[in-house]
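One structure is given here, and the rest of the page talks about it.
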Amino acid sequence: MDTVDAIVIGAGVVGLAVARELALAGREVIVAEAESTFGTGISARHSEVIHAGIYYPPGSLKAKLCVEGKALLYDYCERRRIPHKRLGKLIVAVERTERSRLEELAERAAANGVADLQWLTGAEARALEPELVCDSALLSPSTGILDSHALMQSLVADLEAAGGAVAYDNRVTSISRGPGVFEVAINGAPEPCLATPLVINAAGLEAADVLASIEGFPRSDVPKMYFCKGNYFTLSGKSPFSRLIYPMPAAGGLGTHVTLDLAGRARLGPDTEWLDAPCYDVSEDRAEAFRTAVARYFPKVRDRNLVPAYAGVRPKLAAPGETDRDFVISRQDENGGARLISLLGIESPGLTASLAIGTKVALLDD
Ligand SMILES: Cc1cc2nc3c(=O)[nH]c(=O)nc-3n(C[C@H](O)[C@H](O)[C@H](O)COP(=O)(O)OP(=O)(O)OC[C@H]3O[C@@H](n4cnc5c(N)ncnc54)[C@H](O)[C@@H]3O)c2cc1C
């Protein structure tokens, strides 16, 4: 059986960022990926927004890693010429009664180190975005969008240049324990094929299943994962906005917002739909609820066609109705020196935070 310094399970943006960081630190790293290419899981189905770090509780990993990750990501995108745009975003109080929530968000952002938010009156917001209807707004100039596929391609290139590799079509199906190592079996094989002192579980929606597949891992320590789908619709015609437009956050998500892709097309979503298991169908029946949600701040959405686009699934550690949980990034040491680092509940802003998560995991294993 071959031995490597580290095995990362999952070639999404987070697993790739972690693997790259470990490889740059001189470790021999293999990423085991179940699918035939990288980034087909959560990392293929999101808004591609570089978040500023506004919403998350001060002191949380989400807040800290989002703010750190944003700076790392803009720098990396610029150096590697990864397509991105610092478009800015408006968070809108549609009615005067929502102003206090906007004030709370501004305070939270300041506590998180986001110091560039600007208050706008309704008239000032409309001067920037004439189709917008609101009482007041917060402008976040450091919010942007990026080409996440190009980002992942670049992370794979860095990993390979540093001597690492991604092993595609290799699903980790069981992990047993050897002296000072974990032994990893692939694609249902009865015998393990690779040994390593360090396993990083970055399996996204399946991260809890990976924990359950580790020999002797206490069942009581495997968290229950809840799945919250976010559906998207494309807005027909020219985009009415040149910035991203967000209403007040709603339970489980950030409110049904308008984002733009790098080609300038407008997209509505994601909403929140709780599921028992991941599923990616977008039902046309949801279009009316999208129209109603978005019409509050963009009334002319009623004149536009909404075309079902795609859906992503959030890996939630909190059940519907419970307060959102923070990212879990934890290290467990086994007798004999083997280490397991688990990344659980890496929902939004996981893309923004990915490079900072890579740095954190590398430090955790120092
Ligand atoms: C609707 C939605 C919108 C979002 N919008 C944003 C946004 O705008 N900005 C932002 O910063 N974040 C956003 N996010 C969050 C971001 O997309 C995720 O945090 C990030 O993509 C998670 O990446 P990951 O690598 O952890 O998971 P994934 O991309 O899912 O990668 C996990 C990988 O593990 C593989 N795998 C699973 N089990 C095994 C196994 N046993 N063996 C081998 N491989 C395995 C899977 O095939 C998959 O490729 C959004 C998320 C959602 C759902």
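By convention in this document, the chains of the structure tokens carry letters A, B, ... by their order, each chain's residues are numbered from 1, and ligands are numbered from 1 in the order they are shown.
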
Check: Could you pull out the strand (DSSP E or B) residues of region 242-366 of chain A from DSSP and send them as JSON, numbers by chain?
Finding: {"A": [244, 245, 246, 250, 253, 258, 259, 260, 266, 267, 268, 273, 274, 275, 306, 307, 308, 309, 310, 311, 312, 313, 314, 315, 316, 328, 329, 330, 331, 332, 333, 339, 340, 341, 342, 343, 344]}

Each chain A residue no farther than 7 Å from ligand 1, nearest pair in Å, only C-alpha atoms and all ligand atoms, as a tab-separated table:
```
residue	atom	partner	partner_atom_place_in_ligand_line	distance
A:Ile9	CA	ligand 1	43 (C)	5.0
A:Gly10	CA	ligand 1	34 (O)	3.2
A:Ala11	CA	ligand 1	49 (O)	4.8
A:Gly12	CA	ligand 1	25 (O)	3.2
A:Val13	CA	ligand 1	25 (O)	4.3
A:Val14	CA	ligand 1	25 (O)	3.7
A:Gly15	CA	ligand 1	25 (O)	5.0
A:Ala32	CA	ligand 1	43 (C)	5.0
A:Glu33	CA	ligand 1	44 (N)	3.7
A:Ala34	CA	ligand 1	44 (N)	3.9
A:Glu35	CA	ligand 1	47 (O)	5.2
A:Phe38	CA	ligand 1	49 (O)	5.9
A:Gly39	CA	ligand 1	49 (O)	5.1
A:Thr40	CA	ligand 1	49 (O)	5.2
A:Gly41	CA	ligand 1	30 (O)	3.7
A:Ile42	CA	ligand 1	30 (O)	3.8
A:Ser43	CA	ligand 1	21 (O)	3.3
A:Ala44	CA	ligand 1	29 (O)	6.6
A:Arg45	CA	ligand 1	2 (C)	6.2
A:His46	CA	ligand 1	3 (C)	3.5
A:Ser47	CA	ligand 1	8 (O)	3.8
A:Glu48	CA	ligand 1	8 (O)	4.3
A:Val49	CA	ligand 1	8 (O)	3.6
A:Ile50	CA	ligand 1	9 (N)	5.4
A:His51	CA	ligand 1	11 (O)	5.8
A:Asn170	CA	ligand 1	43 (C)	5.9
A:Arg171	CA	ligand 1	42 (N)	3.6
A:Val172	CA	ligand 1	42 (N)	3.9
A:Thr173	CA	ligand 1	41 (N)	5.7
A:Ala202	CA	ligand 1	26 (O)	5.5
A:Ala203	CA	ligand 1	34 (O)	3.6
A:Gly204	CA	ligand 1	27 (O)	3.8
A:Leu205	CA	ligand 1	30 (O)	5.8
A:Glu206	CA	ligand 1	38 (N)	4.8
A:Ala207	CA	ligand 1	38 (N)	6.5
A:Val210	CA	ligand 1	41 (N)	5.6
A:Lys229	CA	ligand 1	1 (C)	6.5
A:Gly230	CA	ligand 1	1 (C)	4.3
A:Asn231	CA	ligand 1	1 (C)	6.9
A:Pro270	CA	ligand 1	1 (C)	5.5
A:Ala311	CA	ligand 1	1 (C)	6.4
A:Gly312	CA	ligand 1	1 (C)	4.2
A:Val313	CA	ligand 1	53 (C)	4.1
A:Arg314	CA	ligand 1	53 (C)	3.9
A:Ile346	CA	ligand 1	19 (O)	4.6
A:Glu347	CA	ligand 1	19 (O)	3.9
A:Ser348	CA	ligand 1	15 (C)	3.4
A:Pro349	CA	ligand 1	11 (O)	3.4
A:Gly350	CA	ligand 1	19 (O)	3.1
A:Leu351	CA	ligand 1	11 (O)	3.5
A:Thr352	CA	ligand 1	11 (O)	3.7
A:Ala353	CA	ligand 1	11 (O)	6.3
```

Check: Any idea what's packed within 10 Å of Ala293 (chain A), counting only C-alpha atoms, ignoring anything in its chain fewer than 4 positions away? Could you give it as an MDAnalysis selection string?
Finding: chainID A and resid 247 255:257 268:269 271 287:289 297:299 301

Checklist line | region 204-285 of chain A: residues DSSP assigns to alpha helix (DSSP H), reported as a count of residues only | finding: 6

Interface rows for region 226-299 of chain A against region 318-326 of chain A: nearest pair, Å to one decimal, 9 Å, only C-alpha atoms, as a Markdown table:
```
| residue | atom | partner | partner_atom | distance |
| --- | --- | --- | --- | --- |
| A:Tyr226 | CA | A:Ala319 | CA | 6.0 |
| A:Phe227 | CA | A:Ala319 | CA | 8.7 |
| A:Cys228 | CA | A:Pro320 | CA | 8.5 |
| A:Ala251 | CA | A:Gly321 | CA | 7.4 |
| A:Gly252 | CA | A:Asp324 | CA | 6.9 |
| A:Trp274 | CA | A:Pro320 | CA | 7.2 |
```

Next item on the list: Select, from A:Met248, A:Asn187, A:Asp276, A:Asp75, the residue with the minimum atom-to-atom distance to Thr97 (chain A), counting only C-alpha atoms.
Entry: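 Smallest separation from Thr97 (chain A) among the options: A:Met248.
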
Next item on the list: Mind checking which residues fall within 7 Å of Phe182 (chain A), counting only C-alpha atoms, ignoring those fewer than 4 positions away in the same chain, and posting them as a VMD selection string?
Entry: chain A and resid 175 to 178 195 to 197 338

Put those residues in a file: C-alpha atoms, as a PDB file, in the first residue's frame.
```pdb
ATOM      1  CA  ILE A 175     -11.453   4.442   6.202  1.00  0.00           C
ATOM      2  CA  SER A 176      -9.777   2.085   8.642  1.00  0.00           C
ATOM      3  CA  ARG A 177      -6.942   2.563  11.101  1.00  0.00           C
ATOM      4  CA  GLY A 178      -3.360   1.343  10.826  1.00  0.00           C
ATOM      5  CA  ALA A 195      -2.325   5.081   3.778  1.00  0.00           C
ATOM      6  CA  THR A 196      -1.864   8.565   5.218  1.00  0.00           C
ATOM      7  CA  PRO A 197      -1.308  10.207   8.602  1.00  0.00           C
ATOM      8  CA  ALA A 338      -2.935  10.143  12.703  1.00  0.00           C
TER       9      ALA A 338
END
```

Note to self: When you look at Leu260 (chain A) with a cut-off of 10 Å (counting only C-alpha atoms), what residues show up, excluding the ones that are within fewer than 5 positions of it in the same chain? I need them as a list in words.
What the structure shows: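 Using only C-alpha atoms, the neighbours found are Ser47, Glu48, Val49, Leu87, Gly144, Ile145, Thr234, Ser239, Phe241, Ser242, Arg243, Leu244, Ile245, Arg265, Ala266, Arg267 and Leu268 of chain A.
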
Keeping only C-alpha atoms, write those residues as a compact mmCIF listing (two decimals), in the first residue's frame.
```
# COMPACT_ATOMS: atom_id res chain seq x y z
CA SER A 47 -24.08 32.65 -7.10
CA GLU A 48 -20.34 33.16 -7.74
CA VAL A 49 -20.42 36.16 -5.43
CA LEU A 87 -19.40 45.31 -9.11
CA GLY A 144 -17.97 41.22 -6.49
CA ILE A 145 -18.40 38.21 -8.77
CA THR A 234 -32.85 33.75 -15.20
CA SER A 239 -30.27 43.32 -16.89
CA PHE A 241 -29.19 46.61 -12.69
CA SER A 242 -25.43 47.05 -12.87
CA ARG A 243 -24.85 46.03 -9.24
CA LEU A 244 -26.06 43.09 -7.17
CA ILE A 245 -29.31 43.87 -5.33
CA ARG A 265 -27.04 38.55 -17.37
CA ALA A 266 -29.35 38.94 -14.37
CA ARG A 267 -30.38 35.98 -12.27
CA LEU A 268 -32.89 35.82 -9.41
```
